[in-house]
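Read the structure below first, then the notes.
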Amino acid sequence: TAAYFKPLIIAWRNGAPVRLQDIAKVEDSVEIEEARAEFNAMRSIIVSVQRQPDANTVAVTDAVRKILPQFESEMPPTIKLSVLSDRSESIRDSVHDVQITLLLTAVLVILVILAFLRNWRATFIPALALPLSIIGTFAGMAVFGFSLDNVSLLALTLALGFVVDDAIVVLENIVRYVEQGMKPFDAAIKGANEIGFTVLSITVSLVAVFIPILFMGGIVGRFFFEFAMTISIAILLSGFVSLTLTPMLCSRMLKSQHVAARKPGLLSRAFEGGYNAMATGYRITLDASLKVPGLMILLVLGTIVATVFAFGIVKKGFLPTEDTNIIIVRTEAAPDIAFQAMLDRQRIVSERIRADPDVLYVNSNVQQTSFNPTLNRGSIFVQLKARPDRLNRGSISDVQNRLRRSLAGIPGIRTFPVPLQNLRIGSRSGAALYQYTLTSVNQTELYDNAQRLIESVKQAPGFTDVTSDLTLGARQLTLNVDRDALARYGVTMDTFRSTLYSAFGTRQIATVYTPSNDYSVIMETDKARTLDPSVLSKIYVRSSTGQQVRLDSMATVTLGPGPVSVAGQSQLQAVTITFNLAPGYTLGQAVAAMRDLEREVKMPATITGQFAGTAQVFESSFRDQPLLIAAAILT
């Protein structure tokens with residue numbers, strides 16, 4: 001503890017000991033003092049549990065929740081343990097919704113088959129292909145290491161319509177022979193033999209549509225590989241079931257009867273009029289089409305042209321905003337703001353957020369991290385109520401817009417509410433969902449042109465919450481080291497740097513080991529003494545001869561404005577612009593608008609601009625879309 005270090009003798013002066021407590025403030029504290037987290041206005045510590053790449057989120061969450069009561073029982077009663085964020089809840093909800101959709105889809109498919117076949121026995125045969133194909137698909141998914149998630153469940157839902165197609169084709173051909181008087185067994189053999197090649201061609205053509213998706217590259221390719229493979233497995237299994245199980249069931253379940261001797265049932269009589277009207281309309285349309293083949297060819301060509309035209313003008317996006325019940329509010333204040341002042345403004349923002357009727361709790365955080373290198377920026381984690389419990393059952397975008405309006409008038413701080421997404425592409429953290437990065441070797445040129453582009457983006461429609469990691473206006477001291485003076489005094493550059501770090505940094509000088517924990521011993525200069533540039537004249541560097549040399553005698557000091565932090569990318573100076581989309585605008589429109597704005601500000605050739613994260617993946621995948629569509633048509 002601090003009590004052990006206080007009486008340590010560090011020197012003798014005039015026969016009297018100089019103890020550490022005489023020249024320094026020694027206390028038990030935290031390693032980083034300028035860091036504060038508050039949960040609903042109470043001091044808190046956040047413990048983040050990250051799953052391993054191959055682990056299941058739901059399983060990890062269940063395991064953590066299982067041991068939480070044990071941890072809480074070992075803590076003092078004044079400490080309360082709360083779950084701030086459970087990412088598995090949105091996963092469970094979305095998977096449950098897809099499961100319900102899967103079940104409803106299966107029921108609707110069976111009802112449609114019944115409505116058209118008008119026979120319970122005949123309906124049961126293709127309906128049985130559904131569970132068999134799905135169960136077989138589970139086995140195929142296990143071979144490829146897939147799990148039951150939103151992507152695979154969506155693939156299974158879409159596959160339900162394909163799964164029964166082959167069975168219906170085989171069934172219809174067999175039923176036709178049964179109605180002509182053949183025995184079900186003979187009709188099954190003959191019907192299956194006749195239609196086998198057709199079923200095979202249908203199955204292969206359906207799978208061929210998804211082959212290009214299997215070879216998509218990048219993150220999008222990895223995302224859709226599971227989708228395409230799952231649906232392909234289901235289609236292949238349905239073709240196998242229709243050529244094996246379906247004929248066998250037809251031979252056992254269909255009754256021998258002649259269509260003339262068959263008495264229509266209640267269901268048949270109810271739908272017969274509608275079927276006859278549909279057949280009559282189809283016959284009239286078909287006859288008219290066959291009489292004007294040239295017009296039909298022109299109609300087909302016109303449809304193709306219209307499709308290409310519609311593809312060009314339709315709004316294009318990447319991923320819809322997911323409602324995870326979580327919003328992250330990024331905050332930004334003046335670059336020279338003090339830590340306590342930033343805390344005060346952050347608390348005002350937190351209180352305003354807590355007043356929203358759809359907010360459950362709020363966790364505010366201000367500290368320097370690898371994702372947040374400056375103290376003039378913070379973040380607020382906002383947990384929302386489930387959508388059924390929200391005001392007017394509003395979406396997460398409704399809450400986001402309401403918070404944006406509510407927080408806009410707070411003086412001295414800017415806020416950027418962003419819905420948290422389960423799938424976030426890119427490792428760089430920002431105040432918005434989408435990012436655009438400018439890079440250059442010339443810092444001055446980069447900063448000047450980046451500011452011009454940022455102002456243009458703020459004025460352009462379609463963009464909102466526009467900000468960047470470029471924060472100028474901070475006071476900056478520049479030390480120009482006189483290397484001749486260093487050599488003259490016998491001071492090395494490493495010693496010069498080390499002295500500066502000891503004076504203005506946070507140096508760990510020792511570690512105290514105990515049976516239960518390890519504690520760092522931190523040495524730093526009193527913060528109040530490092531705010532004035534004149535402090536440099538009071539810092540001395542020990543030379544190789546033991547002489548104490550004033551630091552400012554070996555360097556000239558220049559005070560001026562500068563950036564709060566300097567970002568880099570691929571060994572180049574970088575500025576990243578972040579933005580959200582205004583209501584009614586898509587990512588495709590924003591990408592095109594950003595390119596237009598870059599041309600309007602006449603960006604120099606020495607500066608390169610490119611989208612990052614989600615926007616970058618969208619731009620690259622959009623370029624491949626025409627090729628993928630053409631490949632799907634050709635295959």
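Labels for the structure tokens follow display order: chains A, B, ..., residues from 1 in each chain, ligands from 1.
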
Excluding region 333-341 of chain A and its own-chain neighbours fewer than 4 positions away, which residues fall within 12 Å of it when counting only C-alpha atoms? Please give them as number ranges by chain. A: 33-36, 345-349, 365-368, 373-379, 410-416, 467, 469-476, 527-528, 531, 561-565

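CA of Ala431 (chain A) is positioned 28.9 Å from CA of Asp54 (chain A).
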
Just want the 12 Å neighbourhood of region 544-551 of chain A, counted on only C-alpha atoms, with same-chain residues fewer than 2 positions away dropped. Output as a VMD selection string. chain A and resid 479 to 482 485 to 500 503 534 to 542 553 to 557
